[in-house]
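A.B. asks: Contents of protein-v1.cif (mmCIF, C-alpha atoms and all ligand atoms) are below:
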```
data_work
#
loop_
_atom_site.group_PDB
_atom_site.id
_atom_site.type_symbol
_atom_site.label_atom_id
_atom_site.label_comp_id
_atom_site.auth_asym_id
_atom_site.auth_seq_id
_atom_site.Cartn_x
_atom_site.Cartn_y
_atom_site.Cartn_z
ATOM 1 C CA MET A 1 -12.803 -18.072 -10.219
ATOM 2 C CA THR A 2 -9.461 -19.771 -10.475
ATOM 3 C CA ILE A 3 -6.088 -18.240 -11.104
ATOM 4 C CA SER A 4 -6.193 -19.342 -14.728
ATOM 5 C CA SER A 5 -9.543 -17.655 -15.342
ATOM 6 C CA VAL A 6 -8.239 -14.480 -13.670
ATOM 7 C CA GLN A 7 -5.174 -14.655 -15.905
ATOM 8 C CA SER A 8 -7.359 -15.137 -19.004
ATOM 9 C CA SER A 9 -9.407 -12.077 -18.073
ATOM 10 C CA ILE A 10 -6.199 -10.076 -17.674
ATOM 11 C CA ASP A 11 -4.906 -11.275 -21.053
ATOM 12 C CA ALA A 12 -8.197 -10.256 -22.688
ATOM 13 C CA ALA A 13 -8.220 -6.840 -20.978
ATOM 14 C CA LEU A 14 -4.633 -6.141 -22.066
ATOM 15 C CA ALA A 15 -5.428 -7.175 -25.642
ATOM 16 C CA SER A 16 -8.561 -5.007 -25.732
ATOM 17 C CA ALA A 17 -6.482 -1.986 -24.690
ATOM 18 C CA GLY A 18 -3.771 -2.722 -27.240
ATOM 19 C CA ARG A 19 -1.272 -3.538 -24.504
ATOM 20 C CA ALA A 20 1.407 -6.204 -24.887
ATOM 21 C CA PRO A 21 0.697 -9.696 -23.470
ATOM 22 C CA GLY A 22 2.341 -10.027 -20.068
ATOM 23 C CA SER A 23 2.686 -6.276 -19.559
ATOM 24 C CA ALA A 24 0.699 -6.488 -16.306
ATOM 25 C CA ARG A 25 1.868 -9.096 -13.797
ATOM 26 C CA LEU A 26 -0.568 -10.861 -11.507
ATOM 27 C CA ILE A 27 0.207 -10.770 -7.772
ATOM 28 C CA ALA A 28 -1.719 -13.496 -5.945
ATOM 29 C CA VAL A 29 -2.617 -11.905 -2.606
ATOM 30 C CA SER A 30 -2.404 -14.779 -0.132
ATOM 31 C CA LYS A 31 -2.995 -12.967 3.175
ATOM 32 C CA ILE A 32 -5.134 -14.900 5.683
ATOM 33 C CA GLN A 33 -5.743 -17.718 3.182
ATOM 34 C CA PRO A 34 -5.408 -21.327 4.366
ATOM 35 C CA LEU A 35 -2.033 -22.782 3.466
ATOM 36 C CA GLU A 36 -3.472 -25.477 1.196
ATOM 37 C CA ARG A 37 -5.007 -22.841 -1.085
ATOM 38 C CA VAL A 38 -1.620 -21.148 -1.346
ATOM 39 C CA THR A 39 0.278 -24.360 -2.065
ATOM 40 C CA ALA A 40 -2.327 -25.299 -4.698
ATOM 41 C CA VAL A 41 -1.520 -22.080 -6.571
ATOM 42 C CA LEU A 42 2.228 -22.688 -6.136
ATOM 43 C CA ASP A 43 1.796 -26.269 -7.411
ATOM 44 C CA GLY A 44 0.075 -24.795 -10.465
ATOM 45 C CA GLY A 45 3.281 -22.882 -11.211
ATOM 46 C CA HIS A 46 2.470 -19.338 -10.054
ATOM 47 C CA ARG A 47 5.317 -17.619 -8.212
ATOM 48 C CA LEU A 48 4.358 -13.976 -7.572
ATOM 49 C CA PHE A 49 2.550 -13.370 -4.268
ATOM 50 C CA GLY A 50 1.540 -10.498 -2.017
ATOM 51 C CA GLU A 51 1.109 -10.306 1.745
ATOM 52 C CA ASN A 52 -0.129 -7.539 4.019
ATOM 53 C CA ARG A 53 1.727 -8.170 7.226
ATOM 54 C CA VAL A 54 5.382 -8.812 7.962
ATOM 55 C CA GLN A 55 4.621 -11.155 10.829
ATOM 56 C CA GLU A 56 2.141 -13.293 8.908
ATOM 57 C CA ALA A 57 4.536 -13.547 5.961
ATOM 58 C CA ALA A 58 7.402 -14.496 8.294
ATOM 59 C CA GLY A 59 5.370 -17.423 9.586
ATOM 60 C CA LYS A 60 4.607 -18.777 6.134
ATOM 61 C CA TRP A 61 7.031 -17.861 3.363
ATOM 62 C CA PRO A 62 10.502 -18.948 4.561
ATOM 63 C CA ALA A 63 9.285 -22.578 4.576
ATOM 64 C CA LEU A 64 7.439 -22.165 1.257
ATOM 65 C CA ARG A 65 10.558 -20.682 -0.352
ATOM 66 C CA GLU A 66 12.419 -23.853 0.627
ATOM 67 C CA ARG A 67 9.823 -25.970 -1.144
ATOM 68 C CA TYR A 68 9.326 -23.802 -4.234
ATOM 69 C CA ASP A 69 11.987 -22.091 -6.358
ATOM 70 C CA GLY A 70 11.622 -18.626 -7.755
ATOM 71 C CA VAL A 71 9.053 -17.191 -5.354
ATOM 72 C CA GLU A 72 8.685 -13.403 -5.554
ATOM 73 C CA LEU A 73 6.980 -11.762 -2.600
ATOM 74 C CA HIS A 74 5.574 -8.226 -2.340
ATOM 75 C CA LEU A 75 4.625 -6.429 0.878
ATOM 76 C CA LEU A 76 1.308 -4.650 0.308
ATOM 77 C CA GLY A 77 0.404 -3.511 3.836
ATOM 78 C CA PRO A 78 1.725 -0.827 6.179
ATOM 79 C CA LEU A 79 5.318 -1.152 7.353
ATOM 80 C CA GLN A 80 6.425 -0.006 10.807
ATOM 81 C CA THR A 81 9.960 1.354 10.929
ATOM 82 C CA ASN A 82 10.951 -1.201 13.584
ATOM 83 C CA LYS A 83 10.072 -4.010 11.137
ATOM 84 C CA VAL A 84 12.140 -2.719 8.219
ATOM 85 C CA ASN A 85 14.921 -5.273 8.598
ATOM 86 C CA ALA A 86 12.477 -8.151 8.967
ATOM 87 C CA ALA A 87 10.687 -6.921 5.846
ATOM 88 C CA LEU A 88 13.940 -6.701 3.888
ATOM 89 C CA ASP A 89 14.706 -10.312 4.859
ATOM 90 C CA LEU A 90 11.359 -11.485 3.499
ATOM 91 C CA PHE A 91 10.220 -9.346 0.608
ATOM 92 C CA ASP A 92 11.382 -8.658 -2.946
ATOM 93 C CA ALA A 93 9.238 -5.542 -3.157
ATOM 94 C CA ILE A 94 7.679 -3.077 -0.736
ATOM 95 C CA GLN A 95 4.572 -1.373 -2.069
ATOM 96 C CA SER A 96 3.669 0.670 1.007
ATOM 97 C CA LEU A 97 6.336 3.378 1.233
ATOM 98 C CA ASP A 98 4.264 6.265 2.582
ATOM 99 C CA ARG A 99 6.306 8.560 4.827
ATOM 100 C CA LEU A 100 9.686 10.172 5.202
ATOM 101 C CA SER A 101 10.645 8.371 8.433
ATOM 102 C CA LEU A 102 10.182 5.046 6.625
ATOM 103 C CA ALA A 103 12.100 6.262 3.566
ATOM 104 C CA LYS A 104 15.047 7.263 5.766
ATOM 105 C CA LYS A 105 15.035 3.937 7.581
ATOM 106 C CA LEU A 106 14.876 2.065 4.264
ATOM 107 C CA ALA A 107 17.711 4.152 2.840
ATOM 108 C CA THR A 108 20.005 3.340 5.776
ATOM 109 C CA ALA A 109 19.095 -0.341 5.918
ATOM 110 C CA THR A 110 19.410 -0.954 2.181
ATOM 111 C CA GLN A 111 22.756 0.831 2.033
ATOM 112 C CA GLU A 112 24.057 -1.387 4.840
ATOM 113 C CA ARG A 113 22.865 -4.450 2.948
ATOM 114 C CA GLY A 114 23.973 -3.268 -0.457
ATOM 115 C CA ALA A 115 20.642 -4.334 -1.933
ATOM 116 C CA CYS A 116 17.238 -2.760 -2.203
ATOM 117 C CA PRO A 117 13.868 -4.343 -2.960
ATOM 118 C CA MET A 118 11.584 -2.835 -5.592
ATOM 119 C CA LEU A 119 9.926 0.161 -3.994
ATOM 120 C CA PHE A 120 6.471 1.544 -4.655
ATOM 121 C CA ILE A 121 5.116 4.686 -3.028
ATOM 122 C CA GLN A 122 1.550 4.253 -1.849
ATOM 123 C CA ILE A 123 -0.674 7.152 -2.873
ATOM 124 C CA ASN A 124 -3.925 7.825 -1.009
ATOM 125 C CA THR A 125 -5.747 8.865 -4.171
ATOM 126 C CA GLY A 126 -9.068 9.278 -2.353
ATOM 127 C CA GLU A 127 -7.467 11.260 0.498
ATOM 128 C CA GLU A 128 -9.235 8.979 2.961
ATOM 129 C CA PRO A 129 -8.196 9.748 6.543
ATOM 130 C CA GLN A 130 -8.232 6.089 7.633
ATOM 131 C CA LYS A 131 -6.094 4.939 4.713
ATOM 132 C CA ALA A 132 -2.299 4.927 4.442
ATOM 133 C CA GLY A 133 -0.525 6.675 1.617
ATOM 134 C CA VAL A 134 0.840 10.014 0.527
ATOM 135 C CA SER A 135 -1.773 12.525 -0.535
ATOM 136 C CA PRO A 136 -1.769 13.247 -4.284
ATOM 137 C CA ASN A 137 -0.773 16.889 -3.849
ATOM 138 C CA GLU A 138 2.268 15.898 -1.764
ATOM 139 C CA ALA A 139 3.347 13.071 -4.044
ATOM 140 C CA ASP A 140 5.803 14.965 -6.261
ATOM 141 C CA GLN A 141 7.635 16.380 -3.261
ATOM 142 C CA PHE A 142 7.789 13.014 -1.503
ATOM 143 C CA ILE A 143 9.168 11.359 -4.649
ATOM 144 C CA THR A 144 11.867 14.041 -4.812
ATOM 145 C CA GLU A 145 12.738 13.471 -1.144
ATOM 146 C CA CYS A 146 13.036 9.709 -1.655
ATOM 147 C CA ARG A 147 15.282 10.242 -4.659
ATOM 148 C CA SER A 148 17.500 12.617 -2.686
ATOM 149 C CA LEU A 149 17.988 9.743 -0.203
ATOM 150 C CA ASP A 150 19.222 7.630 -3.151
ATOM 151 C CA LEU A 151 16.259 5.302 -2.840
ATOM 152 C CA PRO A 152 15.540 3.660 -6.196
ATOM 153 C CA LEU A 153 11.809 3.971 -6.853
ATOM 154 C CA ALA A 154 9.990 1.558 -9.148
ATOM 155 C CA GLY A 155 6.514 3.029 -9.141
ATOM 156 C CA LEU A 156 3.297 3.848 -7.345
ATOM 157 C CA MET A 157 0.545 1.854 -5.649
ATOM 158 C CA ALA A 158 -3.022 2.829 -4.743
ATOM 159 C CA ILE A 159 -6.147 1.331 -3.186
ATOM 160 C CA PRO A 160 -9.149 3.367 -4.396
ATOM 161 C CA PRO A 161 -12.065 4.160 -2.047
ATOM 162 C CA VAL A 162 -14.587 1.307 -2.043
ATOM 163 C CA ASN A 163 -17.581 3.291 -3.220
ATOM 164 C CA GLU A 164 -16.024 5.348 -5.969
ATOM 165 C CA GLU A 165 -15.368 4.768 -9.634
ATOM 166 C CA PRO A 166 -11.917 3.132 -9.590
ATOM 167 C CA ALA A 167 -11.041 4.399 -13.080
ATOM 168 C CA LEU A 168 -10.747 7.986 -11.807
ATOM 169 C CA HIS A 169 -8.258 6.859 -9.171
ATOM 170 C CA PHE A 170 -6.298 4.708 -11.603
ATOM 171 C CA ALA A 171 -6.051 7.666 -13.987
ATOM 172 C CA LEU A 172 -4.792 9.929 -11.213
ATOM 173 C CA LEU A 173 -2.176 7.378 -10.151
ATOM 174 C CA ALA A 174 -0.997 6.962 -13.753
ATOM 175 C CA LYS A 175 -0.719 10.721 -14.174
ATOM 176 C CA ILE A 176 1.420 11.169 -11.036
ATOM 177 C CA ALA A 177 3.665 8.275 -12.095
ATOM 178 C CA SER A 178 4.052 9.563 -15.609
ATOM 179 C CA ARG A 179 5.022 13.112 -14.688
ATOM 180 C CA ASN A 180 7.620 11.707 -12.264
ATOM 181 C CA GLY A 181 9.097 9.177 -14.684
ATOM 182 C CA LEU A 182 8.011 6.124 -12.660
ATOM 183 C CA PRO A 183 7.314 3.052 -14.843
ATOM 184 C CA GLU A 184 5.443 0.705 -12.491
ATOM 185 C CA LEU A 185 1.778 1.033 -11.533
ATOM 186 C CA SER A 186 0.314 -1.305 -8.905
ATOM 187 C CA MET A 187 -3.462 -0.979 -9.089
ATOM 188 C CA GLY A 188 -6.504 -3.189 -9.459
ATOM 189 C CA MET A 189 -7.903 -5.819 -7.073
ATOM 190 C CA SER A 190 -10.514 -8.592 -7.374
ATOM 191 C CA SER A 191 -13.358 -6.211 -8.178
ATOM 192 C CA ASP A 192 -11.581 -3.997 -10.690
ATOM 193 C CA PHE A 193 -8.443 -5.658 -12.048
ATOM 194 C CA GLU A 194 -9.714 -5.708 -15.640
ATOM 195 C CA ILE A 195 -10.256 -1.941 -15.580
ATOM 196 C CA ALA A 196 -6.785 -1.469 -14.093
ATOM 197 C CA ALA A 197 -5.249 -3.728 -16.749
ATOM 198 C CA ARG A 198 -6.820 -1.625 -19.476
ATOM 199 C CA MET A 199 -5.618 1.577 -17.803
ATOM 200 C CA GLY A 200 -1.929 0.784 -17.624
ATOM 201 C CA ALA A 201 -1.401 -1.269 -14.459
ATOM 202 C CA THR A 202 1.867 -3.202 -14.487
ATOM 203 C CA TYR A 203 1.022 -5.081 -11.273
ATOM 204 C CA LEU A 204 -2.473 -6.328 -10.370
ATOM 205 C CA ARG A 205 -3.109 -7.407 -6.773
ATOM 206 C CA VAL A 206 -5.803 -10.064 -6.717
ATOM 207 C CA GLY A 207 -6.768 -12.080 -3.638
ATOM 208 C CA SER A 208 -10.307 -13.368 -3.226
ATOM 209 C CA ALA A 209 -10.964 -13.841 -6.959
ATOM 210 C CA ILE A 210 -8.095 -16.372 -6.990
ATOM 211 C CA PHE A 211 -8.305 -18.024 -3.580
ATOM 212 C CA GLY A 212 -11.948 -17.538 -2.636
ATOM 213 C CA GLU A 213 -13.196 -15.375 0.202
ATOM 214 C CA ARG A 214 -10.744 -14.905 3.021
ATOM 215 C CA VAL A 215 -11.670 -17.119 5.958
ATOM 216 C CA SER A 216 -11.681 -14.925 9.042
ATOM 217 C CA ALA A 217 -9.280 -15.973 11.768
HETATM 218 C C1 LIG A 301 -6.148 -7.671 0.363
HETATM 219 C C2 LIG A 301 -5.522 -6.754 -0.604
HETATM 220 C C3 LIG A 301 -5.649 -6.976 -1.982
HETATM 221 C C4 LIG A 301 -6.489 -8.085 -2.593
HETATM 222 O O1 LIG A 301 -7.832 -7.857 -2.321
HETATM 223 P P1 LIG A 301 -8.979 -8.716 -3.062
HETATM 224 O O2 LIG A 301 -10.138 -7.811 -3.050
HETATM 225 O O3 LIG A 301 -9.159 -9.936 -2.250
HETATM 226 O O4 LIG A 301 -8.505 -9.009 -4.428
HETATM 227 C C5 LIG A 301 -4.976 -6.109 -2.830
HETATM 228 N N1 LIG A 301 -4.230 -5.086 -2.367
HETATM 229 C C6 LIG A 301 -4.087 -4.849 -1.061
HETATM 230 C C7 LIG A 301 -3.237 -3.722 -0.614
HETATM 231 C C8 LIG A 301 -4.737 -5.661 -0.136
HETATM 232 O O5 LIG A 301 -4.602 -5.398 1.160
#
```
Please rewrite the model in this file as structure tokens.

C.D. replies:
Amino acid sequence: MTISSVQSSIDAALASAGRAPGSARLIAVSKIQPLERVTAVLDGGHRLFGENRVQEAAGKWPALRERYDGVELHLLGPLQTNKVNAALDLFDAIQSLDRLSLAKKLATATQERGACPMLFIQINTGEEPQKAGVSPNEADQFITECRSLDLPLAGLMAIPPVNEEPALHFALLAKIASRNGLPELSMGMSSDFEIAARMGATYLRVGSAIFGERVSA
């Protein structure tokens, strides 16, 4: 696929669900991809990207931001508290807020800076032990705790278990967001972004369907 065919599929999925054109934004997930694939997508005019690791993004995006105006970068992978300031230097959004120690660190750092990126709480909808994220039954309380730290929350993010029906997980994420008044839903990857687009995603995170398979390092 190419980014334009992915975008056409998203447009069709949104239309089929009666959703407004453009109501789900496509994040091109560029982790591990060779630089020339990333610049090809930038040259085509796309500006919204996602990365998994602070260090990898730090080695790539400051130079790309000098070459291309209007880049918007989202952190999708786990964030260690000792990398919070580096992450705030690099990213416009953090989608992996998943614990109170990180929320506290983000609250202090963003108050010092007087600016906060868009924040998404990651929910471990499948309650998988190896996966990051707040468990669904602790989500409401964690959202309340973040709000009491004056952290502005944009929405929720989830990565469903690989062998389960993603729609069930997308529905659960949407339900938690809705009852907590959170407008943004980051869900859907290469294998299931059309389902996510139909089910209310506002951000779709698509890597291999745009760039091709990730070449292992
Ligand atoms: C890698 C990654 C993606 C993109 O995965 P693809 O299957 O290549 O589309 C999306 N979200 C997160 C959190 C990821 O780590």

A.B. asks: For this structure, which residues satisfy the selection - the PyMOL selection byres (((chain A and resi 107-120) around 10) and not hetatm) - when it is evaluated on the file as given? I want them as a VMD selection string.

C.D. replies: chain A and resid 74 to 76 84 to 85 87 to 98 101 to 106 121 to 123 146 to 147 149 to 158 182 184 to 186

A.B. asks: Grab the residues selected above and save them as a compact mmCIF listing (two decimals), in the frame of the given file with C-alpha atoms.

C.D. replies:
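Once written, selection.txt looks like this:
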```txt
# COMPACT_ATOMS: atom_id res chain seq x y z
CA HIS A 74 5.57 -8.23 -2.34
CA LEU A 75 4.62 -6.43 0.88
CA LEU A 76 1.31 -4.65 0.31
CA VAL A 84 12.14 -2.72 8.22
CA ASN A 85 14.92 -5.27 8.60
CA ALA A 87 10.69 -6.92 5.85
CA LEU A 88 13.94 -6.70 3.89
CA ASP A 89 14.71 -10.31 4.86
CA LEU A 90 11.36 -11.48 3.50
CA PHE A 91 10.22 -9.35 0.61
CA ASP A 92 11.38 -8.66 -2.95
CA ALA A 93 9.24 -5.54 -3.16
CA ILE A 94 7.68 -3.08 -0.74
CA GLN A 95 4.57 -1.37 -2.07
CA SER A 96 3.67 0.67 1.01
CA LEU A 97 6.34 3.38 1.23
CA ASP A 98 4.26 6.26 2.58
CA SER A 101 10.64 8.37 8.43
CA LEU A 102 10.18 5.05 6.62
CA ALA A 103 12.10 6.26 3.57
CA LYS A 104 15.05 7.26 5.77
CA LYS A 105 15.04 3.94 7.58
CA LEU A 106 14.88 2.06 4.26
CA ILE A 121 5.12 4.69 -3.03
CA GLN A 122 1.55 4.25 -1.85
CA ILE A 123 -0.67 7.15 -2.87
CA CYS A 146 13.04 9.71 -1.66
CA ARG A 147 15.28 10.24 -4.66
CA LEU A 149 17.99 9.74 -0.20
CA ASP A 150 19.22 7.63 -3.15
CA LEU A 151 16.26 5.30 -2.84
CA PRO A 152 15.54 3.66 -6.20
CA LEU A 153 11.81 3.97 -6.85
CA ALA A 154 9.99 1.56 -9.15
CA GLY A 155 6.51 3.03 -9.14
CA LEU A 156 3.30 3.85 -7.34
CA MET A 157 0.55 1.85 -5.65
CA ALA A 158 -3.02 2.83 -4.74
CA LEU A 182 8.01 6.12 -12.66
CA GLU A 184 5.44 0.70 -12.49
CA LEU A 185 1.78 1.03 -11.53
CA SER A 186 0.31 -1.30 -8.90
```

A.B. asks: Need the shell around range 1-13 of chain A: protein/DNA/RNA residues with any atom at most 6 Å away, counting all atoms listed in the file. Skip same-chain ones fewer than 3 positions apart. Format as a ChimeraX atom specification?

C.D. replies: /A:16,194,198,209-210

A.B. asks: How about saving the chosen residues, C-alpha atoms kept, as a PDB file, in the frame of the given file?

C.D. replies:
```pdb
ATOM      1  CA  SER A  16      -8.561  -5.007 -25.732  1.00  0.00           C
ATOM      2  CA  GLU A 194      -9.714  -5.708 -15.640  1.00  0.00           C
ATOM      3  CA  ARG A 198      -6.820  -1.625 -19.476  1.00  0.00           C
ATOM      4  CA  ALA A 209     -10.964 -13.841  -6.959  1.00  0.00           C
ATOM      5  CA  ILE A 210      -8.095 -16.372  -6.990  1.00  0.00           C
TER       6      ILE A 210
END
```

A.B. asks: Counting only C-alpha atoms and all ligand atoms, which residues of chain A fall within 10 Å of ligand LIG 301 (chain A), and what is the closest atom pair for each with its distance in Å at one decimal, ordered by chain and rising number, as a Markdown table?

C.D. replies:
```
| residue | atom | partner | partner_atom | distance |
| --- | --- | --- | --- | --- |
| A:Ile27 | CA | A:LIG301 | C5 | 8.5 |
| A:Ala28 | CA | A:LIG301 | C4 | 8.0 |
| A:Val29 | CA | A:LIG301 | C4 | 5.4 |
| A:Ser30 | CA | A:LIG301 | C1 | 8.0 |
| A:Lys31 | CA | A:LIG301 | C1 | 6.8 |
| A:Ile32 | CA | A:LIG301 | C1 | 9.0 |
| A:Gly50 | CA | A:LIG301 | C5 | 7.9 |
| A:Glu51 | CA | A:LIG301 | O5 | 7.6 |
| A:Asn52 | CA | A:LIG301 | O5 | 5.7 |
| A:Arg53 | CA | A:LIG301 | O5 | 9.2 |
| A:Leu75 | CA | A:LIG301 | C7 | 8.4 |
| A:Leu76 | CA | A:LIG301 | C7 | 4.7 |
| A:Gly77 | CA | A:LIG301 | C7 | 5.8 |
| A:Pro78 | CA | A:LIG301 | C7 | 8.9 |
| A:Gln95 | CA | A:LIG301 | C7 | 8.3 |
| A:Ser96 | CA | A:LIG301 | C7 | 8.3 |
| A:Gln122 | CA | A:LIG301 | C7 | 9.4 |
| A:Met157 | CA | A:LIG301 | C7 | 8.4 |
| A:Ala158 | CA | A:LIG301 | C7 | 7.7 |
| A:Ile159 | CA | A:LIG301 | C7 | 6.4 |
| A:Pro160 | CA | A:LIG301 | C7 | 10.0 |
| A:Ser186 | CA | A:LIG301 | N1 | 8.8 |
| A:Met187 | CA | A:LIG301 | N1 | 7.9 |
| A:Gly188 | CA | A:LIG301 | C5 | 7.4 |
| A:Met189 | CA | A:LIG301 | O4 | 4.2 |
| A:Ser190 | CA | A:LIG301 | O4 | 3.6 |
| A:Ser191 | CA | A:LIG301 | O2 | 6.3 |
| A:Asp192 | CA | A:LIG301 | O4 | 8.6 |
| A:Phe193 | CA | A:LIG301 | O4 | 8.3 |
| A:Leu204 | CA | A:LIG301 | C5 | 7.9 |
| A:Arg205 | CA | A:LIG301 | C5 | 4.6 |
| A:Val206 | CA | A:LIG301 | O4 | 3.7 |
| A:Gly207 | CA | A:LIG301 | O3 | 3.5 |
| A:Ser208 | CA | A:LIG301 | O3 | 3.7 |
| A:Ala209 | CA | A:LIG301 | O4 | 6.0 |
| A:Ile210 | CA | A:LIG301 | O4 | 7.8 |
| A:Phe211 | CA | A:LIG301 | O3 | 8.2 |
| A:Gly212 | CA | A:LIG301 | O3 | 8.1 |
| A:Glu213 | CA | A:LIG301 | O3 | 7.2 |
| A:Arg214 | CA | A:LIG301 | O3 | 7.4 |
```

A.B. asks: Dump C-alpha atoms for the selected residues as a CSV table (one decimal), keeping the file's coordinate frame?

C.D. replies:
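Saved to result-v3.csv:
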```csv
chain,number,residue,atom,x,y,z
A,27,ILE,CA,0.2,-10.8,-7.8
A,28,ALA,CA,-1.7,-13.5,-5.9
A,29,VAL,CA,-2.6,-11.9,-2.6
A,30,SER,CA,-2.4,-14.8,-0.1
A,31,LYS,CA,-3.0,-13.0,3.2
A,32,ILE,CA,-5.1,-14.9,5.7
A,50,GLY,CA,1.5,-10.5,-2.0
A,51,GLU,CA,1.1,-10.3,1.7
A,52,ASN,CA,-0.1,-7.5,4.0
A,53,ARG,CA,1.7,-8.2,7.2
A,75,LEU,CA,4.6,-6.4,0.9
A,76,LEU,CA,1.3,-4.6,0.3
A,77,GLY,CA,0.4,-3.5,3.8
A,78,PRO,CA,1.7,-0.8,6.2
A,95,GLN,CA,4.6,-1.4,-2.1
A,96,SER,CA,3.7,0.7,1.0
A,122,GLN,CA,1.6,4.3,-1.8
A,157,MET,CA,0.5,1.9,-5.6
A,158,ALA,CA,-3.0,2.8,-4.7
A,159,ILE,CA,-6.1,1.3,-3.2
A,160,PRO,CA,-9.1,3.4,-4.4
A,186,SER,CA,0.3,-1.3,-8.9
A,187,MET,CA,-3.5,-1.0,-9.1
A,188,GLY,CA,-6.5,-3.2,-9.5
A,189,MET,CA,-7.9,-5.8,-7.1
A,190,SER,CA,-10.5,-8.6,-7.4
A,191,SER,CA,-13.4,-6.2,-8.2
A,192,ASP,CA,-11.6,-4.0,-10.7
A,193,PHE,CA,-8.4,-5.7,-12.0
A,204,LEU,CA,-2.5,-6.3,-10.4
A,205,ARG,CA,-3.1,-7.4,-6.8
A,206,VAL,CA,-5.8,-10.1,-6.7
A,207,GLY,CA,-6.8,-12.1,-3.6
A,208,SER,CA,-10.3,-13.4,-3.2
A,209,ALA,CA,-11.0,-13.8,-7.0
A,210,ILE,CA,-8.1,-16.4,-7.0
A,211,PHE,CA,-8.3,-18.0,-3.6
A,212,GLY,CA,-11.9,-17.5,-2.6
A,213,GLU,CA,-13.2,-15.4,0.2
A,214,ARG,CA,-10.7,-14.9,3.0
```

A.B. asks: Which distance in Å separates CA of Phe170 in chain A and CA of Leu14 in chain A, to one decimal?

C.D. replies: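 Here the two named atoms are 15.2 Å from each other.
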
A.B. asks: Would you work out the distance separating CA of Asn180 in chain A from CA of Gly133 in chain A, expressed in Å to one decimal?

C.D. replies: 16.9 Å

A.B. asks: Nearest residue to Val41 in chain A out of A:Val71, A:Pro183, A:Thr144, A:Pro62, using only C-alpha atoms?

C.D. replies: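 With only C-alpha atoms as the atom set, the closest residue is A:Val71.
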
A.B. asks: With distances taken over only C-alpha atoms, which residue among A:Arg67, A:Lys60, A:Lys131, A:Arg19 lies nearest Leu35 in chain A?

C.D. replies: A:Lys60

A.B. asks: What does the distance from CA of Gly45 in chain A to CA of Gly200 in chain A come to in Å, to one decimal?

C.D. replies: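 Distance reported for this atom pair: 25.1 Å.
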
A.B. asks: Kindly indicate which residue among A:Gln80, A:Ala197, A:Thr202, A:Phe142 lies nearest to Ala15 in chain A, using all atoms listed in the file for the distances.

C.D. replies: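 Checking each of A:Gln80, A:Ala197, A:Thr202, A:Phe142 against Ala15 in chain A, counting all atoms listed in the file, the winner is A:Ala197.
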
A.B. asks: Which residue, A:Leu64, A:Val54, A:Val162, A:Leu26, has the smallest gap to Ala40 in chain A when you use only C-alpha atoms?

C.D. replies: A:Leu64

A.B. asks: Restricting the calculation to only C-alpha atoms: of A:Val134, A:Asp140, A:His46, A:Glu127, which residue gets closest to Glu72 in chain A?

C.D. replies: A:His46

A.B. asks: Taking (10.3, -18.6, -12.1) in the file's own coordinates, collect the residues within 8 Å, counting all atoms listed in the file, and hand them back as a PyMOL selection string.

C.D. replies: chain A and resi 47+69-71

A.B. asks: Set up a box along x, y and z of the file covering all listed atoms of range 17-25 of chain A, add 8 Å on every one of the six sides, and write the centre and edge lengths in Å to one decimal, as AutoDock Vina command-line options.

C.D. replies:
```
--center_x -1.9 --center_y -6.0 --center_z -20.5 --size_x 25.2 --size_y 24.0 --size_z 29.4
```

A.B. asks: Using all atoms listed in the file, determine which residues lie at most 12 Å from Asn163 in chain A, disregarding the query and same-chain residues fewer than 4 positions distant; provide the list as a ChimeraX atom specification.

C.D. replies: /A:126,128,159,167-169,191

A.B. asks: Could you check which of A:Ala24, A:Glu66, A:Leu42, A:Ile195 is closest to Glu165 in chain A, using only C-alpha atoms?

C.D. replies: A:Ile195
